[in-house]
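Visitor: Enclosed is the structure file run-v7.cif (mmCIF, C-alpha atoms and all ligand atoms).
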data_upload
loop_
_atom_site.label_atom_id
_atom_site.label_comp_id
_atom_site.auth_asym_id
_atom_site.auth_seq_id
_atom_site.Cartn_x
_atom_site.Cartn_y
_atom_site.Cartn_z
CA MET A 447 322.04 63.78 -4.13
CA ALA A 448 321.37 60.10 -4.49
CA ASN A 449 317.88 58.98 -3.61
CA THR A 450 317.64 56.89 -0.47
CA VAL A 451 316.02 53.47 -0.67
CA PRO A 452 313.03 53.36 1.67
CA ALA A 453 312.66 50.43 4.05
CA ARG A 454 309.18 49.08 4.62
CA PRO A 455 306.93 51.21 6.84
CA GLY A 456 307.23 50.29 10.51
CA ILE A 457 310.96 49.52 10.42
CA GLU A 458 311.75 53.13 11.43
CA LYS A 459 309.73 52.63 14.63
CA ILE A 460 312.07 49.92 15.88
CA SER A 461 314.53 50.78 18.64
CA PRO A 462 317.30 48.23 18.12
CA TYR A 463 317.51 45.70 20.94
CA VAL A 464 320.42 46.41 23.26
CA GLY A 465 321.81 43.37 25.05
CA GLY A 466 323.50 43.38 28.44
CA GLU A 467 327.06 44.70 28.54
CA SER A 468 329.97 42.34 29.18
CA ALA A 469 332.91 44.65 29.85
CA LEU A 470 333.63 47.66 32.04
CA LYS A 471 336.35 50.17 31.32
CA GLY A 472 339.29 49.67 33.62
CA ALA A 473 337.81 46.71 35.51
CA ALA A 474 340.05 43.64 35.64
CA ARG A 475 337.35 41.27 36.86
CA VAL A 476 333.80 41.77 35.72
CA ILE A 477 330.84 40.09 37.35
CA LYS A 478 328.16 39.95 34.69
CA LEU A 479 324.66 39.56 36.06
CA ALA A 480 322.94 41.27 33.17
CA SER A 481 321.73 38.73 30.60
CA ASN A 482 320.25 35.74 32.47
CA GLU A 483 323.08 33.50 31.31
CA GLY A 484 324.30 30.30 32.93
CA PRO A 485 326.10 30.83 36.26
CA PHE A 486 328.62 28.03 35.61
CA GLY A 487 329.42 28.46 31.93
CA PRO A 488 328.31 25.76 29.49
CA SER A 489 328.10 22.03 30.21
CA PRO A 490 331.57 20.46 29.77
CA LYS A 491 329.84 17.83 27.63
CA ALA A 492 328.60 20.56 25.29
CA VAL A 493 332.12 21.97 25.00
CA GLU A 494 333.45 18.52 24.17
CA ALA A 495 330.75 17.92 21.55
CA LEU A 496 331.43 21.32 20.01
CA GLN A 497 335.14 20.55 19.75
CA ASP A 498 334.41 17.19 18.15
CA ALA A 499 332.07 18.81 15.64
CA ALA A 500 334.52 21.60 14.79
CA THR A 501 336.58 19.60 12.30
CA ALA A 502 333.47 19.09 10.15
CA MET A 503 332.43 22.74 10.08
CA HIS A 504 333.16 23.03 6.38
CA ARG A 505 330.04 20.88 5.90
CA TYR A 506 326.59 22.40 5.87
CA PRO A 507 324.51 21.45 8.89
CA ASP A 508 321.58 19.06 8.71
CA GLY A 509 318.92 21.57 7.69
CA SER A 510 316.19 19.59 9.41
CA ALA A 511 318.16 19.31 12.68
CA ILE A 512 316.71 15.83 13.04
CA HIS A 513 319.06 14.56 15.77
CA LEU A 514 318.55 17.70 17.82
CA ARG A 515 314.77 17.50 17.40
CA GLU A 516 314.83 13.84 18.42
CA ALA A 517 316.90 14.66 21.49
CA ILE A 518 314.48 17.46 22.45
CA GLY A 519 311.54 15.13 21.85
CA ALA A 520 313.11 12.46 24.07
CA ARG A 521 313.96 14.89 26.87
CA PHE A 522 310.55 16.59 26.97
CA GLY A 523 308.27 13.82 25.71
CA LEU A 524 307.27 15.57 22.48
CA ASP A 525 306.79 14.53 18.85
CA PRO A 526 309.96 15.60 16.95
CA ALA A 527 307.87 16.14 13.79
CA ARG A 528 306.18 19.09 15.49
CA ILE A 529 309.39 20.64 16.79
CA VAL A 530 311.12 23.35 14.76
CA CYS A 531 314.55 24.64 15.75
CA GLY A 532 315.76 28.20 15.33
CA ALA A 533 318.82 30.41 15.64
CA GLY A 534 317.74 31.19 19.17
CA SER A 535 314.05 31.30 20.00
CA ASP A 536 314.19 34.96 18.97
CA GLU A 537 314.34 33.79 15.37
CA LEU A 538 311.22 31.68 15.81
CA LEU A 539 309.34 34.59 17.42
CA SER A 540 310.25 36.78 14.41
CA LEU A 541 309.31 34.10 11.91
CA LEU A 542 305.92 33.64 13.58
CA CYS A 543 305.32 37.39 13.29
CA HIS A 544 306.31 37.44 9.64
CA ALA A 545 304.19 34.42 8.82
CA TYR A 546 301.06 35.37 10.75
CA ALA A 547 300.94 39.18 10.97
CA GLY A 548 301.47 42.05 8.59
CA PRO A 549 300.32 45.59 7.76
CA GLY A 550 296.98 46.41 9.37
CA ASP A 551 297.30 43.58 11.90
CA GLU A 552 297.84 43.91 15.63
CA VAL A 553 300.27 41.93 17.74
CA LEU A 554 299.28 41.96 21.38
CA TYR A 555 301.58 41.56 24.38
CA SER A 556 301.77 42.46 28.03
CA GLU A 557 302.97 45.88 29.24
CA HIS A 558 306.33 44.65 30.54
CA GLY A 559 306.61 41.76 28.10
CA PHE A 560 309.84 40.83 26.33
CA LEU A 561 311.08 43.63 24.02
CA ILE A 562 311.52 41.32 21.06
CA TYR A 563 307.72 41.21 20.55
CA PRO A 564 307.24 44.84 19.44
CA ILE A 565 310.47 44.64 17.42
CA ALA A 566 309.25 41.54 15.58
CA ALA A 567 305.79 43.07 15.07
CA TYR A 568 307.15 46.30 13.56
CA ALA A 569 309.59 44.34 11.39
CA ALA A 570 306.63 42.45 9.94
CA GLY A 571 304.77 45.72 9.29
CA ALA A 572 302.23 44.96 12.02
CA THR A 573 301.24 47.14 14.96
CA PRO A 574 302.30 46.10 18.47
CA VAL A 575 299.67 46.70 21.15
CA LYS A 576 300.38 46.58 24.91
CA ALA A 577 297.88 45.46 27.54
CA PRO A 578 298.41 46.91 31.03
CA GLU A 579 299.73 44.76 33.88
CA THR A 580 298.68 44.56 37.50
CA ASP A 581 301.53 44.46 40.04
CA LEU A 582 304.07 43.57 37.35
CA LYS A 583 302.10 40.50 36.37
CA THR A 584 300.51 39.64 33.04
CA ASP A 585 296.77 40.41 33.34
CA VAL A 586 294.56 37.99 31.42
CA ASP A 587 291.48 40.25 31.56
CA ALA A 588 293.44 43.27 30.33
CA LEU A 589 294.77 41.20 27.43
CA LEU A 590 291.32 39.93 26.51
CA ASP A 591 289.96 43.50 26.71
CA ALA A 592 292.67 44.64 24.29
CA VAL A 593 291.75 42.10 21.59
CA THR A 594 290.21 43.65 18.47
CA ASP A 595 289.24 42.18 15.13
CA LYS A 596 292.73 43.13 13.96
CA THR A 597 294.53 41.05 16.59
CA ARG A 598 296.45 38.21 14.92
CA ILE A 599 299.03 37.13 17.52
CA VAL A 600 299.27 37.30 21.32
CA PHE A 601 302.77 36.86 22.78
CA ILE A 602 303.08 35.82 26.42
CA ALA A 603 306.42 35.17 28.06
CA ASN A 604 305.66 32.68 30.81
CA PRO A 605 307.49 33.20 33.13
CA ASN A 606 307.97 36.76 31.93
CA ASN A 607 311.26 38.53 31.46
CA PRO A 608 311.99 41.02 33.06
CA THR A 609 309.36 40.71 35.80
CA GLY A 610 310.00 37.05 36.72
CA THR A 611 306.29 36.52 37.40
CA TYR A 612 304.16 33.83 35.79
CA LEU A 613 300.64 32.83 34.88
CA THR A 614 299.30 29.53 36.21
CA ARG A 615 298.11 26.73 33.97
CA ALA A 616 294.53 27.74 34.79
CA GLU A 617 295.15 31.39 33.89
CA MET A 618 296.74 30.40 30.57
CA HIS A 619 293.75 28.19 29.80
CA ARG A 620 291.42 31.06 30.59
CA LEU A 621 293.40 33.27 28.22
CA ARG A 622 293.30 30.73 25.40
CA THR A 623 289.59 30.10 25.88
CA GLY A 624 288.87 33.84 25.87
CA LEU A 625 290.80 34.52 22.67
CA PRO A 626 289.18 34.14 19.26
CA GLU A 627 290.03 30.82 17.59
CA ASP A 628 291.83 32.53 14.72
CA VAL A 629 294.26 34.39 17.00
CA LEU A 630 297.65 32.70 17.41
CA LEU A 631 298.76 32.46 21.04
CA VAL A 632 302.54 32.22 21.33
CA ILE A 633 303.78 31.06 24.72
CA ASP A 634 307.43 32.03 25.10
CA ALA A 635 308.59 29.64 27.80
CA ALA A 636 312.29 30.55 27.78
CA TYR A 637 312.50 30.06 31.56
CA ALA A 638 310.16 27.06 31.88
CA GLU A 639 312.90 24.73 33.14
CA PHE A 640 313.49 26.89 36.22
CA VAL A 641 309.90 27.03 37.47
CA ASN A 642 309.22 25.02 40.63
CA ARG A 643 305.50 25.65 41.05
CA ASN A 644 303.03 22.83 40.57
CA ASP A 645 300.33 25.14 39.20
CA TYR A 646 302.63 26.08 36.28
CA SER A 647 302.71 24.54 32.83
CA ALA A 648 304.95 25.47 29.92
CA GLY A 649 301.93 25.07 27.65
CA VAL A 650 302.38 21.73 25.87
CA GLU A 651 298.76 20.76 26.56
CA LEU A 652 297.52 24.01 25.02
CA VAL A 653 299.57 23.38 21.87
CA ASP A 654 298.15 19.85 21.70
CA ALA A 655 294.57 21.03 22.26
CA GLY A 656 294.15 22.88 18.98
CA GLN A 657 295.67 24.49 15.91
CA ASN A 658 296.27 27.96 17.29
CA THR A 659 298.82 27.82 20.13
CA ALA A 660 302.61 27.67 19.87
CA MET A 661 305.29 27.27 22.53
CA THR A 662 308.90 28.42 22.13
CA ARG A 663 311.89 27.38 24.24
CA THR A 664 315.59 28.10 24.30
CA PHE A 665 319.03 26.64 24.91
CA SER A 666 320.25 30.05 26.07
CA LYS A 667 319.07 29.94 29.68
CA LEU A 668 319.12 26.65 31.66
CA PHE A 669 321.31 25.00 29.02
CA ALA A 670 323.70 27.99 28.98
CA LEU A 671 324.36 28.12 25.23
CA GLY A 672 323.40 31.75 24.55
CA GLY A 673 326.45 32.36 22.38
CA LEU A 674 325.56 29.54 20.00
CA ARG A 675 322.01 30.71 19.21
CA VAL A 676 319.86 27.61 19.52
CA GLY A 677 316.16 27.66 20.26
CA TRP A 678 313.19 25.48 19.50
CA GLY A 679 309.44 25.45 19.52
CA TYR A 680 306.59 22.96 19.70
CA PHE A 681 303.75 23.61 17.30
CA PRO A 682 300.55 22.28 15.80
CA SER A 683 301.65 20.46 12.62
CA GLU A 684 300.34 23.16 10.28
CA ILE A 685 302.31 25.87 12.06
CA ALA A 686 305.44 23.68 12.06
CA ASP A 687 304.92 23.28 8.31
CA VAL A 688 304.62 27.05 7.83
CA LEU A 689 307.81 27.68 9.83
CA ASN A 690 309.69 25.05 7.84
CA ARG A 691 308.77 26.95 4.67
CA VAL A 692 309.85 30.39 5.87
CA ARG A 693 312.93 29.63 7.95
CA GLY A 694 316.43 29.69 6.55
CA PRO A 695 317.28 26.22 5.22
CA PHE A 696 320.32 25.95 7.54
CA ASN A 697 319.17 28.21 10.36
CA VAL A 698 320.81 26.22 13.16
CA SER A 699 324.56 25.68 12.81
CA SER A 700 326.14 22.24 13.00
CA LEU A 701 328.02 23.34 16.13
CA GLY A 702 324.82 24.57 17.74
CA GLN A 703 323.09 21.28 16.99
CA ALA A 704 325.97 19.24 18.42
CA ALA A 705 326.26 21.30 21.60
CA GLY A 706 322.49 21.37 22.02
CA ILE A 707 322.23 17.59 21.94
CA ALA A 708 325.10 17.19 24.42
CA SER A 709 323.54 19.72 26.83
CA LEU A 710 320.19 17.98 26.70
CA ILE A 711 321.76 14.70 27.71
CA ASP A 712 323.71 16.26 30.59
CA LEU A 713 320.98 16.02 33.21
CA GLU A 714 323.47 16.43 36.04
CA PHE A 715 324.51 19.84 34.72
CA GLN A 716 320.87 20.89 34.33
CA ASP A 717 320.06 19.86 37.90
CA ARG A 718 323.08 21.70 39.21
CA VAL A 719 322.12 24.95 37.46
CA ARG A 720 318.47 24.62 38.45
CA LEU A 721 319.07 23.89 42.13
CA HIS A 722 321.71 26.61 42.40
CA THR A 723 319.34 29.09 40.77
CA LEU A 724 316.43 28.22 43.04
CA GLU A 725 318.66 28.54 46.10
CA TRP A 726 320.03 31.93 45.07
CA ILE A 727 316.72 33.36 43.93
CA VAL A 728 315.45 32.88 47.47
CA LYS A 729 318.66 34.09 49.12
CA THR A 730 318.98 37.14 46.89
CA GLN A 731 315.36 38.21 47.25
CA GLU A 732 315.47 37.77 51.03
CA ALA A 733 318.73 39.70 51.34
CA LEU A 734 317.35 42.55 49.23
CA HIS A 735 314.13 42.64 51.27
CA GLU A 736 316.23 42.93 54.43
CA LEU A 737 317.90 45.97 52.88
CA GLY A 738 314.47 47.49 52.25
CA ILE A 739 314.49 46.74 48.53
CA PRO A 740 311.31 45.00 47.37
CA THR A 741 311.37 42.46 44.53
CA THR A 742 308.81 40.50 42.57
CA GLN A 743 308.50 36.78 43.41
CA SER A 744 310.64 35.52 40.57
CA VAL A 745 310.31 31.95 39.28
CA ALA A 746 313.03 32.44 36.65
CA ASN A 747 316.82 32.90 36.90
CA PHE A 748 316.85 36.60 37.73
CA VAL A 749 315.55 38.99 40.35
CA LEU A 750 313.73 42.26 39.65
CA ALA A 751 314.52 44.81 42.36
CA ARG A 752 312.56 48.03 42.92
CA PHE A 753 314.18 51.18 44.24
CA ASP A 754 312.48 54.23 45.70
CA SER A 755 313.11 56.19 42.50
CA ALA A 756 314.67 55.96 39.06
CA ALA A 757 317.51 58.13 40.37
CA THR A 758 318.30 55.62 43.12
CA ALA A 759 318.22 52.72 40.65
CA GLU A 760 320.61 54.66 38.44
CA ALA A 761 322.91 55.51 41.35
CA CYS A 762 322.92 51.88 42.46
CA ASP A 763 323.77 50.72 38.95
CA ALA A 764 326.63 53.25 38.81
CA TYR A 765 327.93 52.11 42.20
CA LEU A 766 327.80 48.44 41.18
CA ARG A 767 329.73 49.24 38.02
CA GLU A 768 332.44 50.85 40.11
CA GLN A 769 332.67 47.50 41.89
CA GLY A 770 332.93 45.67 38.55
CA ILE A 771 329.37 44.35 38.70
CA ILE A 772 327.04 44.67 35.71
CA VAL A 773 323.29 44.30 36.24
CA ARG A 774 320.55 45.38 33.85
CA ARG A 775 318.89 48.80 33.78
CA MET A 776 315.22 48.56 32.95
CA GLY A 777 314.34 51.92 31.42
CA SER A 778 313.66 50.37 28.00
CA TYR A 779 310.91 48.30 29.65
CA GLY A 780 309.32 51.34 31.27
CA LEU A 781 310.75 50.18 34.62
CA ALA A 782 313.36 52.86 35.30
CA GLN A 783 312.92 52.41 39.05
CA HIS A 784 314.07 48.80 38.77
CA LEU A 785 317.23 46.81 38.20
CA ARG A 786 317.28 43.21 37.02
CA ILE A 787 319.93 40.93 38.49
CA SER A 788 320.68 37.54 36.92
CA ILE A 789 321.67 34.71 39.23
CA GLY A 790 325.42 34.13 38.92
CA ALA A 791 327.85 31.86 40.76
CA ALA A 792 327.79 31.89 44.58
CA ASP A 793 330.86 34.12 44.95
CA GLU A 794 329.41 36.55 42.40
CA MET A 795 326.12 36.75 44.28
CA GLN A 796 327.98 37.27 47.56
CA ALA A 797 329.97 40.11 45.99
CA PHE A 798 326.75 41.62 44.62
CA LEU A 799 324.96 41.44 47.98
CA ALA A 800 327.96 42.88 49.82
CA ALA A 801 328.02 45.80 47.36
CA MET A 802 324.28 46.31 47.82
CA LYS A 803 324.71 46.47 51.58
CA THR A 804 327.39 49.13 51.26
CA PHE A 805 325.34 51.10 48.76
CA MET A 806 322.24 51.12 50.96
CA LYS A 807 324.26 52.03 54.06
CA GLY A 808 325.66 55.02 52.24
CA ARG A 809 322.12 56.24 51.61
CA ALA A 810 320.66 55.67 55.06
C1 LIG B 1 316.26 34.98 26.76
C2 LIG B 1 314.88 34.98 26.26
C3 LIG B 1 314.55 34.33 25.08
C4 LIG B 1 315.54 33.46 24.38
O1 LIG B 1 316.23 34.05 23.44
P1 LIG B 1 317.18 33.19 22.50
O2 LIG B 1 316.99 33.86 21.20
O3 LIG B 1 316.68 31.78 22.48
O4 LIG B 1 318.54 33.31 23.07
C5 LIG B 1 313.24 34.34 24.64
N1 LIG B 1 312.28 34.95 25.37
C6 LIG B 1 312.55 35.55 26.53
C7 LIG B 1 311.44 36.12 27.32
C8 LIG B 1 313.86 35.60 27.00
O5 LIG B 1 314.13 36.23 28.14
#
Could you express the structure from this file as structure tokens?
Guide:
Amino acid sequence: MANTVPARPGIEKISPYVGGESALKGAARVIKLASNEGPFGPSPKAVEALQDAATAMHRYPDGSAIHLREAIGARFGLDPARIVCGAGSDELLSLLCHAYAGPGDEVLYSEHGFLIYPIAAYAAGATPVKAPETDLKTDVDALLDAVTDKTRIVFIANPNNPTGTYLTRAEMHRLRTGLPEDVLLVIDAAYAEFVNRNDYSAGVELVDAGQNTAMTRTFSKLFALGGLRVGWGYFPSEIADVLNRVRGPFNVSSLGQAAGIASLIDLEFQDRVRLHTLEWIVKTQEALHELGIPTTQSVANFVLARFDSAATAEACDAYLREQGIIVRRMGSYGLAQHLRISIGAADEMQAFLAAMKTFMKGRA
């Protein structure tokens, strides 16, 4: 028998990430509320820019993504030299792990934090460590208690997926201040654009305050370009330099760059998505509460609903599927009693809430 080629230790511990499903057997119309995608499809301006760019797709992209970085810098008031783009922010999270953690090192995250963090840690040969949460919210004290002399990176999704909860600017400052100087704090602010709380900050000021905090962002959520894989981050210059050494030379496609720039400029589209999302977060949470289903107070573009048992959550998911509605099961996050529902278009949310009413009636 041929010898097998061993992968590096740690790789075998990874459970491959499973994304939300898009199709249901036998269903003509599917309502997909499973992956926190845009409720209205992409910006028409992004589609136009992508079509214009298509005829030049035999050319390699600009490896430095300078026009995209300048557009991001202009939109968010940041220095383009300290922005690095990625094939989705997932790529940047992985690259940070590979560059700053390895065998013997610990990568710390919150109990119900985004699943990419342990995957990226294991892939780098490092050990992921979870700090417990209180009421489905990242707990600064628990994180600080979990720091050891092996901790190299702390990942915080703020707001967090899948809980939808967030840490205030003051809580994030307390976390940064409590961490050792040589621990990299990565703030994954994938949902920052949705947050309408004045005690929230995406973390720019923490990045600017030192050499040890990074912030990542994405075009997959508010900007609705998940299929194109475009993300970005804002970094201290030394970390930007490190990422520019380790990233693929052409990691963001020419089409992704073109569509990203066009989406950034389309402020009307962004406002429309944001206002719609805020409206339906409130409506959906209130309607679920009326049905006796508690939720967290989400500040992102999805709702996390809690059922009386894992069996009920499973039954509800099965019933919704029969109605052609796909939401997200949460067992992989240790939240089997919960379902996560992304905010879709108004008619999709109405169909979801009508189905929920029928489901709950059937159980009363
Ligand atoms: C969706 C999401 C991302 C973004 O992923 P992309 O790779 O940019 O599509 C990052 N972090 C969290 C917490 C997310 O939910």
Visitor: Around ligand LIG 1 (chain B), which protein and nucleic acid residues have at least one atom no more than 6 Å from it, if we count only C-alpha atoms and all ligand atoms? List them as a list in words.
Guide: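 Using only C-alpha atoms and all ligand atoms, I find these residues within 6 Å of ligand LIG 1 (chain B): Gly534, Ser535, Asp536, Phe560, Ala603, Asn606, Asn607, Asp634, Ala636, Thr664, Ser666, Gly672, Arg675 and Gly677 of chain A.
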Visitor: Residues at most 6 Å from Ile771 (chain A), counting all atoms listed in the file, excluding those fewer than 3 positions away in the same chain, as a PyMOL selection string?
Guide: chain A and resi 476-477+766-767
Visitor: In the coordinate frame of the file, compute which residues have an atom within 12 Å of (301.2, 39.3, 8.0) when using only C-alpha atoms, and state them as number ranges by chain.
Guide: A: 540-553, 566-573, 596-599
Visitor: Pick out the closest residue to Gln716 (chain A) from this set: A:Gly484, A:Gly624, A:Gly777, A:Gly509. Count only C-alpha atoms.
Guide: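 Closest to Gln716 (chain A) of all the choices is A:Gly484.
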Visitor: I'd like the interatomic distance between CA of Tyr779 (chain A) and CA of Gly465 (chain A), to a tenth of an Å.
Guide: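 Separation between CA of Tyr779 (chain A) and CA of Gly465 (chain A): 12.8 Å.
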Visitor: Distance CA of Gln743 (chain A)-CA of Ser709 (chain A), one decimal place?
Guide: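 Computing it gives 28.1 Å between the two atoms.
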Visitor: Please provide the set of residues having any atom within 10 Å of Val749 (chain A), restricted to only C-alpha atoms, with same-chain residues fewer than 4 positions apart removed, written as an NGL selection string.
Guide: :A and (482 or 607-610 or 726-728 or 730-731 or 734 or 741-745 or 785-789)
Visitor: Quote the spacing between CA of Asp587 (chain A) and CA of Asp754 (chain A) in Å to one decimal place.
Guide: 28.9 Å
Visitor: Which residue out of A:Ala782, A:Thr611, A:Phe601, A:Pro455 has the minimum interatomic distance to Thr580 (chain A) when all atoms listed in the file are used?
Guide: A:Thr611
Visitor: So which residues touch Val600 (chain A) within 8 Å, counting only C-alpha atoms, skipping near sequence neighbours fewer than 3 positions away, as an MDAnalysis selection string?
Guide: chainID A and resid 553:555 597 629:632
Visitor: Can you sort out region 735-761 of chain A so it carries N, CA and C atoms, written as a compact mmCIF listing (two decimals), in the frame of the given file?
Guide:
# COMPACT_ATOMS: atom_id res chain seq x y z
N HIS A 735 315.26 42.21 50.42
CA HIS A 735 314.13 42.64 51.27
C HIS A 735 314.65 43.18 52.61
N GLU A 736 315.66 42.47 53.16
CA GLU A 736 316.23 42.93 54.43
C GLU A 736 316.85 44.32 54.31
N LEU A 737 317.32 44.64 53.11
CA LEU A 737 317.90 45.97 52.88
C LEU A 737 316.82 47.00 52.53
N GLY A 738 315.56 46.56 52.56
CA GLY A 738 314.47 47.49 52.25
C GLY A 738 314.23 47.64 50.76
N ILE A 739 314.69 46.68 49.98
CA ILE A 739 314.49 46.74 48.53
C ILE A 739 313.49 45.65 48.12
N PRO A 740 312.28 46.03 47.75
CA PRO A 740 311.31 45.00 47.37
C PRO A 740 311.65 44.38 46.01
N THR A 741 311.20 43.14 45.81
CA THR A 741 311.37 42.46 44.53
C THR A 741 310.04 41.80 44.16
N THR A 742 309.91 41.39 42.91
CA THR A 742 308.81 40.50 42.57
C THR A 742 309.18 39.11 43.09
N GLN A 743 308.22 38.18 43.07
CA GLN A 743 308.50 36.78 43.41
C GLN A 743 308.91 36.11 42.12
N SER A 744 310.21 36.05 41.85
CA SER A 744 310.64 35.52 40.57
C SER A 744 310.66 34.00 40.56
N VAL A 745 310.20 33.40 39.46
CA VAL A 745 310.31 31.95 39.28
C VAL A 745 311.31 31.64 38.16
N ALA A 746 312.07 32.63 37.73
CA ALA A 746 313.03 32.44 36.65
C ALA A 746 314.46 32.46 37.20
N ASN A 747 315.44 32.91 36.42
CA ASN A 747 316.82 32.90 36.90
C ASN A 747 317.37 34.31 37.10
N PHE A 748 316.46 35.22 37.47
CA PHE A 748 316.85 36.60 37.73
C PHE A 748 315.90 37.19 38.75
N VAL A 749 316.34 38.30 39.33
CA VAL A 749 315.55 38.99 40.35
C VAL A 749 315.27 40.40 39.85
N LEU A 750 314.05 40.88 40.03
CA LEU A 750 313.73 42.26 39.65
C LEU A 750 313.56 43.08 40.92
N ALA A 751 314.48 44.02 41.13
CA ALA A 751 314.52 44.81 42.36
C ALA A 751 313.96 46.21 42.11
N ARG A 752 313.14 46.70 43.06
CA ARG A 752 312.56 48.03 42.92
C ARG A 752 313.17 49.01 43.92
N PHE A 753 313.59 50.14 43.40
CA PHE A 753 314.18 51.18 44.24
C PHE A 753 313.16 52.29 44.47
N ASP A 754 313.49 53.22 45.38
CA ASP A 754 312.48 54.23 45.70
C ASP A 754 312.31 55.25 44.58
N SER A 755 313.26 55.28 43.64
CA SER A 755 313.11 56.19 42.50
C SER A 755 314.03 55.73 41.38
N ALA A 756 313.80 56.27 40.19
CA ALA A 756 314.67 55.96 39.06
C ALA A 756 316.09 56.45 39.34
N ALA A 757 316.18 57.58 40.06
CA ALA A 757 317.51 58.13 40.37
C ALA A 757 318.29 57.18 41.27
N THR A 758 317.61 56.57 42.25
CA THR A 758 318.30 55.62 43.12
C THR A 758 318.73 54.38 42.34
N ALA A 759 317.86 53.89 41.48
CA ALA A 759 318.22 52.72 40.65
C ALA A 759 319.46 53.04 39.81
N GLU A 760 319.48 54.24 39.27
CA GLU A 760 320.61 54.66 38.44
C GLU A 760 321.88 54.77 39.28
N ALA A 761 321.75 55.36 40.47
CA ALA A 761 322.91 55.51 41.35
C ALA A 761 323.43 54.14 41.77
